[in-house]
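Accompanying notes for the structure given below.
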Amino acid sequence: MKRSLMTATALCALAFGVAACASMARDAHAGNGVETPQATPVAATEAYPVTADGAAAFVAAAETRLAALSEEAARIQWTRATNITYDTMWLESRINAEVTETQVSLANQAAAFNDVEVPADVRRKLNLLRLGIVLPAPNRPGAANELADITTRLDSTYSVGKFDYQGRQITLDDANVLIADSRDPNETKALYEGWRTISPVMAADYAR
């Protein structure tokens, strides 16, 4: 399927995109009586000859792996986004680490075919595998887990953040609505300054 790798790569990169697209793909499969592909590990690059056929086989295996992984990630990420607790954050950190490790591994393996002449669709998919990673982790043990913990914590901190405005606690979503509707510069300034009180606690996660 020509577009499946593009979709799967995008799914692994975008949390809410993952949830929406995976849901649509799942519904489409169900309507056609097609089972969702199960996750199967992609073997090391050495298992695929550095030839056009080897590249095509590698891409097919990567597509199957990413399609299954992206649906699992979608379900977990959507659960965390709609019910932020310690447990859902833990689950999302684990799946995000697996996604990152898989993407980095596939990108490194795809590079083996850089100088191989392959059909245009295979080349496009190989390029997506190499260039489609939004936030790669260093290729060392534990790095993907550390990065996933940090990104999940940052996102959750921002999502549940509240600040005092006119004697009541409001969320960033509340502030966003007020800013959009207000034409009073003093009000929008106060809302913006309140909004900015959420981020200082996040600073430590941007430095090692």
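Every chain in the structure tokens takes a letter, A first, then B, and so on in the order presented; its residues are numbered from 1, and the ligands are numbered from 1 following the presented order.
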Excluding same-chain residues fewer than 6 positions from A:Ala57, what lies within 12 Å of it counting only C-alpha atoms, as a PyMOL selection string?
-> chain A and resi 42-43+45+47-51+63-64+110+113+118+122+125-126
Please report, as a ChimeraX atom specification, each residue of stretch 139-197 of chain A to which DSSP assigns helix (DSSP H, G or I) when run on this structure's backbone.
-> /A:143-160,172-181,185-195
Export of the given selection (N, CA and C atoms) as a CSV table (one decimal), in the first residue's frame:
chain,number,residue,atom,x,y,z
A,143,ALA,N,18.0,6.1,26.5
A,143,ALA,CA,17.8,7.4,26.0
A,143,ALA,C,16.4,7.6,25.6
A,144,ALA,N,15.8,6.7,24.9
A,144,ALA,CA,14.4,6.8,24.5
A,144,ALA,C,13.4,6.9,25.6
A,145,ASN,N,13.7,6.1,26.7
A,145,ASN,CA,12.8,6.1,27.9
A,145,ASN,C,12.9,7.5,28.6
A,146,GLU,N,14.2,8.0,28.7
A,146,GLU,CA,14.3,9.3,29.3
A,146,GLU,C,13.6,10.4,28.6
A,147,LEU,N,13.8,10.4,27.2
A,147,LEU,CA,13.1,11.4,26.4
A,147,LEU,C,11.6,11.3,26.5
A,148,ALA,N,11.1,10.1,26.5
A,148,ALA,CA,9.6,9.9,26.5
A,148,ALA,C,9.1,10.3,27.9
A,149,ASP,N,9.8,10.1,29.0
A,149,ASP,CA,9.4,10.5,30.3
A,149,ASP,C,9.3,12.1,30.3
A,150,ILE,N,10.3,12.7,29.7
A,150,ILE,CA,10.4,14.2,29.7
A,150,ILE,C,9.2,14.8,28.9
A,151,THR,N,9.1,14.3,27.7
A,151,THR,CA,8.0,14.9,26.8
A,151,THR,C,6.6,14.6,27.3
A,152,THR,N,6.4,13.4,27.9
A,152,THR,CA,5.1,13.2,28.5
A,152,THR,C,4.8,14.1,29.7
A,153,ARG,N,5.8,14.2,30.5
A,153,ARG,CA,5.7,15.1,31.7
A,153,ARG,C,5.4,16.6,31.3
A,154,LEU,N,6.2,17.0,30.3
A,154,LEU,CA,6.0,18.4,29.9
A,154,LEU,C,4.6,18.6,29.3
A,155,ASP,N,4.2,17.7,28.5
A,155,ASP,CA,2.8,17.9,27.9
A,155,ASP,C,1.7,17.8,28.9
A,156,SER,N,1.9,16.9,29.9
A,156,SER,CA,0.8,16.8,30.9
A,156,SER,C,0.8,18.0,31.9
A,157,THR,N,2.0,18.5,32.2
A,157,THR,CA,2.1,19.7,33.0
A,157,THR,C,1.4,20.8,32.4
A,158,TYR,N,1.6,21.0,31.1
A,158,TYR,CA,1.0,22.1,30.4
A,158,TYR,C,-0.5,21.9,30.3
A,159,SER,N,-0.9,20.6,30.1
A,159,SER,CA,-2.3,20.3,29.9
A,159,SER,C,-3.2,20.6,31.1
A,160,VAL,N,-2.6,20.3,32.3
A,160,VAL,CA,-3.4,20.4,33.5
A,160,VAL,C,-3.1,21.7,34.2
A,172,LEU,N,-5.8,26.5,30.9
A,172,LEU,CA,-5.3,27.2,29.7
A,172,LEU,C,-6.4,27.2,28.6
A,173,ASP,N,-7.2,26.1,28.5
A,173,ASP,CA,-8.3,26.1,27.6
A,173,ASP,C,-9.3,27.3,27.9
A,174,ASP,N,-9.6,27.5,29.2
A,174,ASP,CA,-10.4,28.6,29.5
A,174,ASP,C,-9.8,29.9,29.1
A,175,ALA,N,-8.5,30.1,29.4
A,175,ALA,CA,-7.8,31.3,29.0
A,175,ALA,C,-7.8,31.5,27.5
A,176,ASN,N,-7.7,30.4,26.8
A,176,ASN,CA,-7.6,30.5,25.3
A,176,ASN,C,-9.0,31.1,24.8
A,177,VAL,N,-10.1,30.6,25.3
A,177,VAL,CA,-11.4,31.1,24.9
A,177,VAL,C,-11.6,32.6,25.3
A,178,LEU,N,-11.1,33.0,26.5
A,178,LEU,CA,-11.3,34.3,26.9
A,178,LEU,C,-10.4,35.3,26.0
A,179,ILE,N,-9.2,34.9,25.7
A,179,ILE,CA,-8.3,35.7,24.9
A,179,ILE,C,-8.9,35.8,23.5
A,180,ALA,N,-9.5,34.8,23.0
A,180,ALA,CA,-10.1,34.8,21.6
A,180,ALA,C,-11.3,35.8,21.6
A,181,ASP,N,-12.0,35.8,22.6
A,181,ASP,CA,-13.3,36.7,22.6
A,181,ASP,C,-13.0,38.1,23.1
A,185,PRO,N,-7.4,45.1,25.9
A,185,PRO,CA,-5.9,44.8,26.0
A,185,PRO,C,-5.5,44.5,27.4
A,186,ASN,N,-6.1,45.1,28.4
A,186,ASN,CA,-5.7,44.8,29.8
A,186,ASN,C,-6.1,43.4,30.2
A,187,GLU,N,-7.2,43.0,29.7
A,187,GLU,CA,-7.7,41.6,30.0
A,187,GLU,C,-6.8,40.6,29.4
A,188,THR,N,-6.5,40.8,28.1
A,188,THR,CA,-5.7,39.8,27.4
A,188,THR,C,-4.3,39.8,27.9
A,189,LYS,N,-3.8,40.9,28.4
A,189,LYS,CA,-2.4,41.0,29.0
A,189,LYS,C,-2.4,40.2,30.3
A,190,ALA,N,-3.5,40.4,31.1
A,190,ALA,CA,-3.6,39.6,32.4
A,190,ALA,C,-3.7,38.1,32.1
A,191,LEU,N,-4.4,37.7,31.1
A,191,LEU,CA,-4.5,36.3,30.8
A,191,LEU,C,-3.2,35.8,30.3
A,192,TYR,N,-2.5,36.5,29.5
A,192,TYR,CA,-1.3,36.0,28.9
A,192,TYR,C,-0.2,35.9,30.1
A,193,GLU,N,-0.2,36.9,31.0
A,193,GLU,CA,0.7,36.8,32.1
A,193,GLU,C,0.4,35.6,33.0
A,194,GLY,N,-0.9,35.4,33.2
A,194,GLY,CA,-1.3,34.2,34.0
A,194,GLY,C,-0.9,32.9,33.3
A,195,TRP,N,-1.1,32.9,32.0
A,195,TRP,CA,-0.7,31.7,31.2
A,195,TRP,C,0.7,31.4,31.4
Just list the residues in stretch 68-178 of chain A DSSP gives strand (DSSP E) on the backbone, as a PyMOL selection string.
-> chain A and resi 162-165+168-171
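Residues surrounding A:Asn127 within 9 Å are Ala107, Ala110, Ala111 and Asn114 of chain A [only C-alpha atoms; sequence separation below 6 positions excluded].
Put simply, atom CA of A:Thr100 is 12.9 Å away from atom CA of A:Arg65.
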Hey, which of A:Thr85, A:Asn96, A:Gln109, A:Gln77 ends up closest to A:Ala61? Count only C-alpha atoms.
-> A:Gln109
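Here atom CA of A:Phe163 stands at a distance of 11.1 Å from atom CA of A:Ser199.
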